[in-house]
$ cat protein-v4.cif   # mmCIF, C-alpha atoms
data_target
#
loop_
_atom_site.group_PDB
_atom_site.id
_atom_site.type_symbol
_atom_site.label_atom_id
_atom_site.label_comp_id
_atom_site.auth_asym_id
_atom_site.auth_seq_id
_atom_site.Cartn_x
_atom_site.Cartn_y
_atom_site.Cartn_z
ATOM 1 C CA MET A 1 8.139 13.159 -25.556
ATOM 2 C CA ASN A 2 9.258 16.212 -27.502
ATOM 3 C CA GLY A 3 7.252 18.992 -25.943
ATOM 4 C CA ILE A 4 4.233 20.113 -24.015
ATOM 5 C CA VAL A 5 1.391 22.609 -24.524
ATOM 6 C CA MET A 6 -0.511 23.976 -21.529
ATOM 7 C CA SER A 7 -3.555 26.241 -21.534
ATOM 8 C CA THR A 8 -5.741 27.627 -18.792
ATOM 9 C CA ASN A 9 -8.616 30.044 -18.488
ATOM 10 C CA PHE A 10 -8.707 32.353 -15.466
ATOM 11 C CA ASN A 11 -11.126 35.242 -14.986
ATOM 12 C CA GLY A 12 -11.852 35.365 -18.700
ATOM 13 C CA ASP A 13 -8.200 35.410 -19.737
ATOM 14 C CA ILE A 14 -6.590 32.527 -21.597
ATOM 15 C CA TYR A 15 -2.985 31.719 -20.819
ATOM 16 C CA SER A 16 -1.033 29.337 -23.028
ATOM 17 C CA LYS A 17 2.531 28.057 -22.820
ATOM 18 C CA THR A 18 4.352 25.872 -25.345
ATOM 19 C CA GLN A 19 7.737 24.288 -24.738
ATOM 20 C CA ILE A 20 9.401 22.146 -27.409
ATOM 21 C CA VAL A 21 12.673 20.240 -27.208
ATOM 22 C CA THR A 22 15.047 21.163 -30.036
ATOM 23 C CA VAL A 23 18.269 19.619 -28.685
ATOM 24 C CA ARG A 24 18.571 16.186 -27.068
ATOM 25 C CA GLY A 25 20.134 16.013 -23.638
ATOM 26 C CA THR A 26 19.030 19.461 -22.506
ATOM 27 C CA GLN A 27 17.513 19.965 -19.065
ATOM 28 C CA PHE A 28 13.977 20.119 -20.510
ATOM 29 C CA ASP A 29 14.539 17.036 -22.721
ATOM 30 C CA ASN A 30 15.784 15.091 -19.703
ATOM 31 C CA LEU A 31 12.843 16.296 -17.610
ATOM 32 C CA LEU A 32 10.367 14.922 -20.147
ATOM 33 C CA ASN A 33 12.159 11.675 -20.934
ATOM 34 C CA PHE A 34 13.721 10.460 -17.683
ATOM 35 C CA ASN A 35 10.788 10.929 -15.298
ATOM 36 C CA SER A 36 7.599 8.912 -15.076
ATOM 37 C CA ILE A 37 5.730 11.683 -13.232
ATOM 38 C CA ILE A 38 5.793 15.357 -14.175
ATOM 39 C CA ASP A 39 4.279 17.788 -11.679
ATOM 40 C CA ILE A 40 3.022 21.095 -13.065
ATOM 41 C CA LEU A 41 2.693 23.857 -10.495
ATOM 42 C CA PRO A 42 1.306 27.359 -11.005
ATOM 43 C CA ILE A 43 3.797 29.997 -9.871
ATOM 44 C CA SER A 44 2.436 33.533 -10.188
ATOM 45 C CA THR A 45 1.503 33.858 -13.896
ATOM 46 C CA ASP A 46 3.675 30.962 -15.086
ATOM 47 C CA TYR A 47 3.819 27.191 -14.766
ATOM 48 C CA VAL A 48 6.852 25.346 -13.441
ATOM 49 C CA MET A 49 7.462 21.652 -14.113
ATOM 50 C CA PHE A 50 9.231 19.184 -11.872
ATOM 51 C CA GLY A 51 9.983 15.563 -12.712
ATOM 52 C CA ARG A 52 10.129 12.605 -10.383
ATOM 53 C CA ASN A 53 10.128 8.846 -10.349
ATOM 54 C CA PRO A 54 8.269 6.888 -7.681
ATOM 55 C CA GLU A 55 10.257 4.547 -5.521
ATOM 56 C CA VAL A 56 9.891 0.944 -6.583
ATOM 57 C CA VAL A 57 9.060 -1.400 -3.729
ATOM 58 C CA MET A 58 10.180 -4.956 -4.339
ATOM 59 C CA GLN A 59 7.949 -7.622 -2.847
ATOM 60 C CA ASP A 60 9.457 -10.755 -1.365
ATOM 61 C CA ARG A 61 7.782 -13.598 -3.264
ATOM 62 C CA ASN A 62 8.746 -16.077 -0.549
ATOM 63 C CA MET A 63 6.539 -14.354 2.014
ATOM 64 C CA THR A 64 3.060 -15.778 2.546
ATOM 65 C CA PRO A 65 0.093 -13.443 3.016
#
$ encode --input "protein-v4.cif" --output "structure tokens"
Amino acid sequence: MNGIVMSTNFNGDIYSKTQIVTVRGTQFDNLLNFNSIIDILPISTDYVMFGRNPEVVMQDRNMTP
């Protein structure tokens, strides 16, 4: 992923934010490309993004249900 565009409408006002990666390996580039889940949280009049990866639970195939 190379960028993200977010828009919202609140009380008749439209807020838009665009972030585009221009250099590989930056904090934003890594956020978009090394996380399978990106949380977008409203903070005051801005949006903040956090990345995370869910824990992978391995199942024992020798166990019977």
$ closest_residue --input "protein-v4.cif" --among "A:Ile37, A:Val56, A:Met1, A:Thr8" --to "Ile20 in chain A" --atoms "all atoms listed in the file"
A:Met1
$ resolve_selection --input "protein-v4.cif" --expression "the PyMOL selection byres ((chain A and resi 31) around 12)" --output "short mmCIF file (atom, residue, chain, number, x, y, z; two decimals) with C-alpha atoms, in the frame of the given file"
data_model
loop_
_atom_site.label_atom_id
_atom_site.label_comp_id
_atom_site.auth_asym_id
_atom_site.auth_seq_id
_atom_site.Cartn_x
_atom_site.Cartn_y
_atom_site.Cartn_z
CA MET A 1 8.14 13.16 -25.56
CA ASN A 2 9.26 16.21 -27.50
CA GLY A 3 7.25 18.99 -25.94
CA ILE A 4 4.23 20.11 -24.02
CA GLN A 19 7.74 24.29 -24.74
CA ILE A 20 9.40 22.15 -27.41
CA VAL A 21 12.67 20.24 -27.21
CA ARG A 24 18.57 16.19 -27.07
CA GLY A 25 20.13 16.01 -23.64
CA THR A 26 19.03 19.46 -22.51
CA GLN A 27 17.51 19.96 -19.07
CA PHE A 28 13.98 20.12 -20.51
CA ASP A 29 14.54 17.04 -22.72
CA ASN A 30 15.78 15.09 -19.70
CA LEU A 32 10.37 14.92 -20.15
CA ASN A 33 12.16 11.68 -20.93
CA PHE A 34 13.72 10.46 -17.68
CA ASN A 35 10.79 10.93 -15.30
CA SER A 36 7.60 8.91 -15.08
CA ILE A 37 5.73 11.68 -13.23
CA ILE A 38 5.79 15.36 -14.18
CA ASP A 39 4.28 17.79 -11.68
CA ILE A 40 3.02 21.10 -13.06
CA VAL A 48 6.85 25.35 -13.44
CA MET A 49 7.46 21.65 -14.11
CA PHE A 50 9.23 19.18 -11.87
CA GLY A 51 9.98 15.56 -12.71
CA ARG A 52 10.13 12.60 -10.38
CA ASN A 53 10.13 8.85 -10.35
#
$ atom_distance --input "protein-v4.cif" --atom1 "CA of Pro42 in chain A" --atom2 "CA of Glu55 in chain A"
25.1 Å
$ resolve_selection --input "protein-v4.cif" --expression "the PyMOL selection byres ((chain A and resi 5) around 6)" --output "list in words"
Ile4, Met6, Lys17 and Thr18 of chain A
$ axis_aligned_box --input "protein-v4.cif" --around "range 31-50 of chain A" --padding-each-side "3 Å" --output "JSON"
{"center_x": 7.5, "center_y": 21.4, "center_z": -15.4, "size_x": 18.4, "size_y": 30.9, "size_z": 17.1}
